[in-house]
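Enquirer: I am sharing structure25.cif, which consists of mmCIF, C-alpha atoms, pLDDT in the B column; chains and numbers go by the auth columns:
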```cif
data_entry
#
loop_
_atom_site.group_PDB
_atom_site.id
_atom_site.type_symbol
_atom_site.label_atom_id
_atom_site.label_comp_id
_atom_site.label_asym_id
_atom_site.label_seq_id
_atom_site.Cartn_x
_atom_site.Cartn_y
_atom_site.Cartn_z
_atom_site.B_iso_or_equiv
_atom_site.auth_seq_id
_atom_site.auth_asym_id
ATOM 1 C CA MET A 1 -3.901 -11.140 -10.420 51.00 11 A
ATOM 2 C CA TRP A 2 -6.609 -13.304 -11.944 64.00 12 A
ATOM 3 C CA GLN A 3 -9.557 -14.070 -9.685 65.00 13 A
ATOM 4 C CA PRO A 4 -11.388 -16.900 -11.455 77.00 14 A
ATOM 5 C CA ASP A 5 -14.733 -18.244 -10.368 83.00 15 A
ATOM 6 C CA ILE A 6 -14.159 -21.923 -9.642 85.00 16 A
ATOM 7 C CA THR A 7 -16.882 -24.394 -8.779 88.00 17 A
ATOM 8 C CA LEU A 8 -15.988 -27.796 -7.379 85.00 18 A
ATOM 9 C CA ASP A 9 -18.805 -30.320 -7.409 91.00 19 A
ATOM 10 C CA GLY A 10 -18.478 -33.782 -5.920 91.00 20 A
ATOM 11 C CA VAL A 11 -14.746 -33.416 -5.359 90.00 21 A
ATOM 12 C CA ARG A 12 -13.131 -35.271 -2.488 89.00 22 A
ATOM 13 C CA VAL A 13 -9.706 -34.362 -1.200 84.00 23 A
ATOM 14 C CA PRO A 14 -7.856 -37.092 0.671 88.00 24 A
ATOM 15 C CA LEU A 15 -6.953 -36.148 4.241 84.00 25 A
ATOM 16 C CA ALA A 16 -3.265 -36.551 3.344 85.00 26 A
ATOM 17 C CA ASN A 17 -3.619 -33.665 0.852 85.00 27 A
ATOM 18 C CA LYS A 18 -5.208 -31.224 3.305 77.00 28 A
ATOM 19 C CA LEU A 19 -3.303 -27.976 3.853 72.00 29 A
ATOM 20 C CA ALA A 20 -1.298 -28.166 7.037 75.00 30 A
ATOM 21 C CA GLU A 21 -2.841 -26.282 9.948 73.00 31 A
ATOM 22 C CA ALA A 22 -5.858 -25.205 7.861 73.00 32 A
ATOM 23 C CA ARG A 23 -8.879 -26.042 9.962 74.00 33 A
ATOM 24 C CA SER A 24 -10.992 -22.888 9.796 70.00 34 A
ATOM 25 C CA PHE A 25 -11.321 -19.393 8.350 67.00 35 A
ATOM 26 C CA ARG A 26 -9.363 -18.141 11.367 72.00 36 A
ATOM 27 C CA ASP A 27 -6.379 -20.054 9.987 71.00 37 A
ATOM 28 C CA ALA A 28 -6.770 -18.233 6.688 69.00 38 A
ATOM 29 C CA THR A 29 -6.829 -14.888 8.485 70.00 39 A
ATOM 30 C CA ARG A 30 -3.381 -15.640 9.906 71.00 40 A
ATOM 31 C CA VAL A 31 -2.128 -15.604 6.324 69.00 41 A
ATOM 32 C CA LEU A 32 -3.852 -12.256 5.732 71.00 42 A
ATOM 33 C CA THR A 33 -2.039 -10.800 8.748 72.00 43 A
ATOM 34 C CA GLY A 34 1.253 -11.469 7.014 74.00 44 A
ATOM 35 C CA THR A 35 0.178 -10.450 3.535 77.00 45 A
ATOM 36 C CA ARG A 36 -1.394 -7.198 4.730 81.00 46 A
ATOM 37 C CA GLY A 37 1.935 -6.290 6.296 82.00 47 A
ATOM 38 C CA SER A 38 3.575 -7.061 2.958 87.00 48 A
ATOM 39 C CA ALA A 39 1.066 -4.766 1.245 90.00 49 A
ATOM 40 C CA ALA A 40 2.201 -1.977 3.573 92.00 50 A
ATOM 41 C CA TRP A 41 5.811 -2.525 2.481 93.00 51 A
ATOM 42 C CA GLU A 42 4.742 -2.632 -1.166 94.00 52 A
ATOM 43 C CA SER A 43 2.869 0.646 -0.734 96.00 53 A
ATOM 44 C CA LEU A 44 5.983 2.226 0.724 97.00 54 A
ATOM 45 C CA GLY A 45 7.999 1.066 -2.278 97.00 55 A
ATOM 46 C CA HIS A 46 5.554 2.573 -4.767 97.00 56 A
ATOM 47 C CA ALA A 47 5.401 5.845 -2.845 98.00 57 A
ATOM 48 C CA LEU A 48 9.175 6.122 -2.624 98.00 58 A
ATOM 49 C CA ALA A 49 9.634 5.358 -6.317 97.00 59 A
ATOM 50 C CA ALA A 50 7.014 7.933 -7.352 98.00 60 A
ATOM 51 C CA TYR A 51 8.573 10.533 -5.053 98.00 61 A
ATOM 52 C CA GLU A 52 12.055 9.955 -6.462 98.00 62 A
ATOM 53 C CA ILE A 53 10.743 10.244 -10.030 98.00 63 A
ATOM 54 C CA ALA A 54 8.926 13.494 -9.176 98.00 64 A
ATOM 55 C CA ARG A 55 11.947 14.985 -7.396 98.00 65 A
ATOM 56 C CA GLU A 56 14.241 14.152 -10.290 98.00 66 A
ATOM 57 C CA TYR A 57 11.753 15.500 -12.815 97.00 67 A
ATOM 58 C CA ALA A 58 11.239 18.717 -10.837 98.00 68 A
ATOM 59 C CA THR A 59 14.975 19.425 -10.691 98.00 69 A
ATOM 60 C CA ASN A 60 15.382 18.885 -14.450 97.00 70 A
ATOM 61 C CA ARG A 61 12.148 20.273 -15.925 96.00 71 A
ATOM 62 C CA GLN A 62 12.580 23.912 -16.927 95.00 72 A
ATOM 63 C CA GLN A 63 9.689 26.358 -16.928 95.00 73 A
ATOM 64 C CA PHE A 64 10.054 30.133 -17.264 96.00 74 A
ATOM 65 C CA GLY A 65 13.819 29.699 -17.446 96.00 75 A
ATOM 66 C CA ARG A 66 14.282 27.784 -14.184 97.00 76 A
ATOM 67 C CA PRO A 67 13.636 24.301 -12.808 98.00 77 A
ATOM 68 C CA ILE A 68 10.116 23.749 -11.516 97.00 78 A
ATOM 69 C CA ALA A 69 11.732 22.556 -8.265 97.00 79 A
ATOM 70 C CA SER A 70 12.378 26.238 -7.559 97.00 80 A
ATOM 71 C CA PHE A 71 8.632 26.953 -7.343 97.00 81 A
ATOM 72 C CA GLN A 72 7.121 27.142 -3.866 97.00 82 A
ATOM 73 C CA LEU A 73 4.174 24.855 -4.584 97.00 83 A
ATOM 74 C CA VAL A 74 6.386 22.125 -6.047 97.00 84 A
ATOM 75 C CA GLN A 75 8.703 22.287 -3.031 98.00 85 A
ATOM 76 C CA ALA A 76 5.704 22.116 -0.688 98.00 86 A
ATOM 77 C CA GLN A 77 4.379 19.060 -2.524 98.00 87 A
ATOM 78 C CA LEU A 78 7.759 17.327 -2.407 98.00 88 A
ATOM 79 C CA ALA A 79 8.122 18.106 1.305 98.00 89 A
ATOM 80 C CA GLY A 80 4.651 16.701 2.036 98.00 90 A
ATOM 81 C CA MET A 81 5.407 13.576 0.032 98.00 91 A
ATOM 82 C CA LEU A 82 8.658 13.047 1.919 98.00 92 A
ATOM 83 C CA ALA A 83 6.904 13.489 5.270 98.00 93 A
ATOM 84 C CA GLU A 84 4.379 10.776 4.381 98.00 94 A
ATOM 85 C CA ILE A 85 7.091 8.439 3.125 98.00 95 A
ATOM 86 C CA THR A 86 9.162 8.943 6.259 98.00 96 A
ATOM 87 C CA SER A 87 6.181 8.121 8.484 97.00 97 A
ATOM 88 C CA MET A 88 5.520 5.022 6.373 97.00 98 A
ATOM 89 C CA GLN A 89 9.166 3.953 6.748 98.00 99 A
ATOM 90 C CA LEU A 90 9.012 4.327 10.520 97.00 100 A
ATOM 91 C CA TYR A 91 5.759 2.374 10.645 96.00 101 A
ATOM 92 C CA CYS A 92 7.292 -0.454 8.577 95.00 102 A
ATOM 93 C CA PHE A 93 10.363 -0.485 10.812 96.00 103 A
ATOM 94 C CA ARG A 94 8.160 -0.821 13.897 96.00 104 A
ATOM 95 C CA MET A 95 6.063 -3.459 12.152 93.00 105 A
ATOM 96 C CA SER A 96 9.209 -5.518 11.579 93.00 106 A
ATOM 97 C CA GLN A 97 10.174 -5.234 15.237 95.00 107 A
ATOM 98 C CA LEU A 98 6.750 -6.391 16.389 94.00 108 A
ATOM 99 C CA GLN A 99 6.768 -9.285 13.929 91.00 109 A
ATOM 100 C CA GLU A 100 10.173 -10.430 15.185 93.00 110 A
ATOM 101 C CA GLN A 101 8.875 -10.262 18.770 95.00 111 A
ATOM 102 C CA GLY A 102 5.751 -12.228 17.865 91.00 112 A
ATOM 103 C CA ARG A 103 3.554 -9.304 18.944 93.00 113 A
ATOM 104 C CA TRP A 104 2.166 -8.401 15.505 88.00 114 A
ATOM 105 C CA THR A 105 -1.625 -8.745 15.336 89.00 115 A
ATOM 106 C CA GLY A 106 -4.247 -8.862 12.622 87.00 116 A
ATOM 107 C CA THR A 107 -5.561 -5.449 13.645 89.00 117 A
ATOM 108 C CA MET A 108 -2.083 -3.968 13.381 91.00 118 A
ATOM 109 C CA ALA A 109 -1.754 -5.488 9.916 90.00 119 A
ATOM 110 C CA SER A 110 -5.097 -4.007 8.854 90.00 120 A
ATOM 111 C CA LEU A 111 -4.068 -0.606 10.175 93.00 121 A
ATOM 112 C CA ALA A 112 -0.717 -0.747 8.364 93.00 122 A
ATOM 113 C CA LYS A 113 -2.309 -1.828 5.091 93.00 123 A
ATOM 114 C CA MET A 114 -5.067 0.802 5.267 93.00 124 A
ATOM 115 C CA ASN A 115 -2.725 3.623 6.270 95.00 125 A
ATOM 116 C CA HIS A 116 -0.005 2.855 3.762 96.00 126 A
ATOM 117 C CA ALA A 117 -2.331 2.243 0.816 95.00 127 A
ATOM 118 C CA ARG A 118 -4.010 5.604 1.441 95.00 128 A
ATOM 119 C CA LYS A 119 -0.764 7.493 1.829 97.00 129 A
ATOM 120 C CA ALA A 120 0.963 5.842 -1.114 97.00 130 A
ATOM 121 C CA ARG A 121 -1.987 6.536 -3.415 96.00 131 A
ATOM 122 C CA GLN A 122 -1.784 10.211 -2.469 97.00 132 A
ATOM 123 C CA VAL A 123 2.000 10.352 -2.925 98.00 133 A
ATOM 124 C CA CYS A 124 1.604 8.818 -6.379 97.00 134 A
ATOM 125 C CA LEU A 125 -1.129 11.336 -7.226 97.00 135 A
ATOM 126 C CA ASP A 126 1.116 14.185 -6.055 98.00 136 A
ATOM 127 C CA ALA A 127 3.977 12.849 -8.175 97.00 137 A
ATOM 128 C CA ARG A 128 1.675 12.679 -11.160 97.00 138 A
ATOM 129 C CA ASP A 129 0.656 16.300 -10.513 97.00 139 A
ATOM 130 C CA ILE A 130 4.277 17.441 -10.421 97.00 140 A
ATOM 131 C CA LEU A 131 4.931 15.784 -13.766 97.00 141 A
ATOM 132 C CA GLY A 132 1.744 17.254 -15.226 95.00 142 A
ATOM 133 C CA GLY A 133 0.758 15.565 -18.481 94.00 143 A
ATOM 134 C CA ASN A 134 4.127 13.804 -18.544 93.00 144 A
ATOM 135 C CA GLY A 135 2.996 11.903 -15.450 92.00 145 A
ATOM 136 C CA LEU A 136 0.723 9.872 -17.704 91.00 146 A
ATOM 137 C CA LEU A 137 3.490 8.767 -20.052 91.00 147 A
ATOM 138 C CA VAL A 138 4.634 5.169 -19.661 88.00 148 A
ATOM 139 C CA GLU A 139 8.335 6.063 -19.797 90.00 149 A
ATOM 140 C CA ASN A 140 8.015 8.212 -16.652 91.00 150 A
ATOM 141 C CA HIS A 141 6.574 5.279 -14.619 95.00 151 A
ATOM 142 C CA VAL A 142 4.466 7.434 -12.275 95.00 152 A
ATOM 143 C CA ALA A 143 1.203 6.285 -13.871 95.00 153 A
ATOM 144 C CA ARG A 144 2.350 2.671 -13.445 94.00 154 A
ATOM 145 C CA HIS A 145 3.000 3.221 -9.727 95.00 155 A
ATOM 146 C CA LEU A 146 -0.365 4.950 -9.376 94.00 156 A
ATOM 147 C CA THR A 147 -2.129 2.075 -11.145 93.00 157 A
ATOM 148 C CA ASP A 148 -0.276 -0.455 -9.003 93.00 158 A
ATOM 149 C CA MET A 149 -1.406 1.424 -5.909 93.00 159 A
ATOM 150 C CA GLU A 150 -5.014 1.170 -7.060 91.00 160 A
ATOM 151 C CA VAL A 151 -4.492 -2.586 -7.120 91.00 161 A
ATOM 152 C CA VAL A 152 -2.789 -2.644 -3.695 90.00 162 A
ATOM 153 C CA HIS A 153 -5.641 -0.557 -2.308 89.00 163 A
ATOM 154 C CA THR A 154 -8.047 -3.301 -3.395 86.00 164 A
ATOM 155 C CA TYR A 155 -6.371 -6.588 -2.543 83.00 165 A
ATOM 156 C CA GLU A 156 -6.096 -8.025 0.954 79.00 166 A
ATOM 157 C CA GLY A 157 -9.264 -6.020 1.661 79.00 167 A
ATOM 158 C CA THR A 158 -10.132 -2.426 0.748 83.00 168 A
ATOM 159 C CA ASP A 159 -9.883 0.523 3.136 84.00 169 A
ATOM 160 C CA ASN A 160 -13.498 -0.048 4.120 87.00 170 A
ATOM 161 C CA ILE A 161 -12.885 -3.671 5.075 86.00 171 A
ATOM 162 C CA GLN A 162 -9.724 -2.755 6.990 87.00 172 A
ATOM 163 C CA ALA A 163 -11.631 0.002 8.819 89.00 173 A
ATOM 164 C CA LEU A 164 -14.346 -2.465 9.839 89.00 174 A
ATOM 165 C CA LEU A 165 -11.770 -4.934 11.146 88.00 175 A
ATOM 166 C CA ILE A 166 -9.990 -2.186 13.077 91.00 176 A
ATOM 167 C CA GLY A 167 -13.299 -0.766 14.338 92.00 177 A
ATOM 168 C CA ARG A 168 -14.342 -4.174 15.634 91.00 178 A
ATOM 169 C CA ASP A 169 -11.102 -4.423 17.579 92.00 179 A
ATOM 170 C CA ILE A 170 -11.183 -0.945 19.094 93.00 180 A
ATOM 171 C CA THR A 171 -14.904 -0.963 20.008 92.00 181 A
ATOM 172 C CA GLY A 172 -15.492 -4.637 20.685 91.00 182 A
ATOM 173 C CA ILE A 173 -18.512 -4.439 18.362 93.00 183 A
ATOM 174 C CA SER A 174 -18.593 -6.032 14.933 91.00 184 A
ATOM 175 C CA ALA A 175 -20.190 -4.003 12.154 91.00 185 A
ATOM 176 C CA LEU A 176 -19.705 -6.972 9.833 82.00 186 A
ATOM 177 C CA THR A 177 -22.981 -8.785 9.567 73.00 187 A
#
```
Render the structure in this file as structure tokens.
Expert:
Amino acid sequence: MWQPDITLDGVRVPLANKLAEARSFRDATRVLTGTRGSAAWESLGHALAAYEIAREYATNRQQFGRPIASFQLVQAQLAGMLAEITSMQLYCFRMSQLQEQGRWTGTMASLAKMNHARKARQVCLDARDILGGNGLLVENHVARHLTDMEVVHTYEGTDNIQALLIGRDITGISALT
């Protein structure tokens, strides 16, 4: 996503062309509440895809005359990945319920985005580990999911920004100065 530096000098926008319901930065943050929830869903998708690739690879890749899926450490990694994905799925399900009820808040969105971006990055890293050097090859797609997760981690605010927004809500004190 390109992020150009745009300078507008002496530009006037007619009132008729003003964005509807855009009166302050608070209005812009309403948009971020929705898009941060979408980033949580996107993170889940990347994690699930990387997990499925790793599971398939582990059942087919032979080492020492047997599939690497038969090794204890690979099974432990796959189990841990699945546990994280399942928790992310449940979180997204609950997020959808709260959105439908109109009870979804900006803090909840920040928490979902921060949590899911962290977990999905780790699941993608674990998948890459299972594939070894093959995890870097374009045709295996794990590196693409890992790179995409680096992007998701950054947009809509990094973990640090999300943590500050959450911290402000839970303590009542803003660390943003």
Enquirer: Rounded to one decimal in Å, what is the spacing between CA of Leu25 (chain A) and CA of Gly44 (chain A)?
Expert: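 So the two atoms, CA of Leu25 (chain A) and CA of Gly44 (chain A), lie 26.2 Å apart.
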Enquirer: Skip Met105 (chain A) itself and residues of its chain fewer than 2 positions away, then list as a list in words all residues within 9 Å of it, counting all atoms listed in the file.
Expert: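 So, after excluding close chain neighbours, the residues are Gly47, Leu100, Tyr101, Cys102, Phe103, Gln107, Leu108, Gln109, Glu110, Trp114, Met118, Ala119 and Ala122 of chain A.
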Enquirer: Please build the interface table for region 160-183 of chain A against region 53-71 of chain A with a cut-off of 12 Å, listing for each qualifying residue the nearest atom pair and the distance in Å to one decimal; count only C-alpha atoms, order rows by chain and increasing number, and write it as JSON lines.
Expert:
```
{"residue": "A:Glu160", "atom": "CA", "partner": "A:Ser53", "partner_atom": "CA", "distance": 10.1}
{"residue": "A:Val161", "atom": "CA", "partner": "A:Ser53", "partner_atom": "CA", "distance": 10.3}
{"residue": "A:Val162", "atom": "CA", "partner": "A:Ser53", "partner_atom": "CA", "distance": 7.2}
{"residue": "A:His163", "atom": "CA", "partner": "A:Ser53", "partner_atom": "CA", "distance": 8.7}
{"residue": "A:Thr164", "atom": "CA", "partner": "A:Ser53", "partner_atom": "CA", "distance": 11.9}
{"residue": "A:Tyr165", "atom": "CA", "partner": "A:Ser53", "partner_atom": "CA", "distance": 11.9}
```
Enquirer: Would you please work out which residue, of A:Gln132, A:Leu147, A:Phe81, A:Gly75, is nearest to Glu94 (chain A) when using all atoms listed in the file?
Expert: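 The closest residue to Glu94 (chain A) is A:Gln132.
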Enquirer: What is the CA of Ala130 (chain A) to CA of Gly145 (chain A) distance in Å?
Expert: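 We find that CA of Ala130 (chain A) and CA of Gly145 (chain A) lie 15.7 Å from each other.
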Enquirer: For Asp179 (chain A), find every residue with an atom within 12 Å (counting all atoms listed in the file), except residues of its own chain fewer than 3 positions away, and show them as a list in words.
Expert: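 In the requested form, the answer reads Thr115, Gly116, Thr117, Met118, Ser120, Leu121, Gln172, Ala173, Leu174, Leu175, Ile176, Gly182, Ile183, Ser184, Ala185 and Leu186 of chain A.
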Enquirer: Do you have the CA of Arg36 (chain A)-CA of Met124 (chain A) distance handy?
Expert: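 CA of Met124 (chain A) lies 20.4 Å from CA of Arg36 (chain A).
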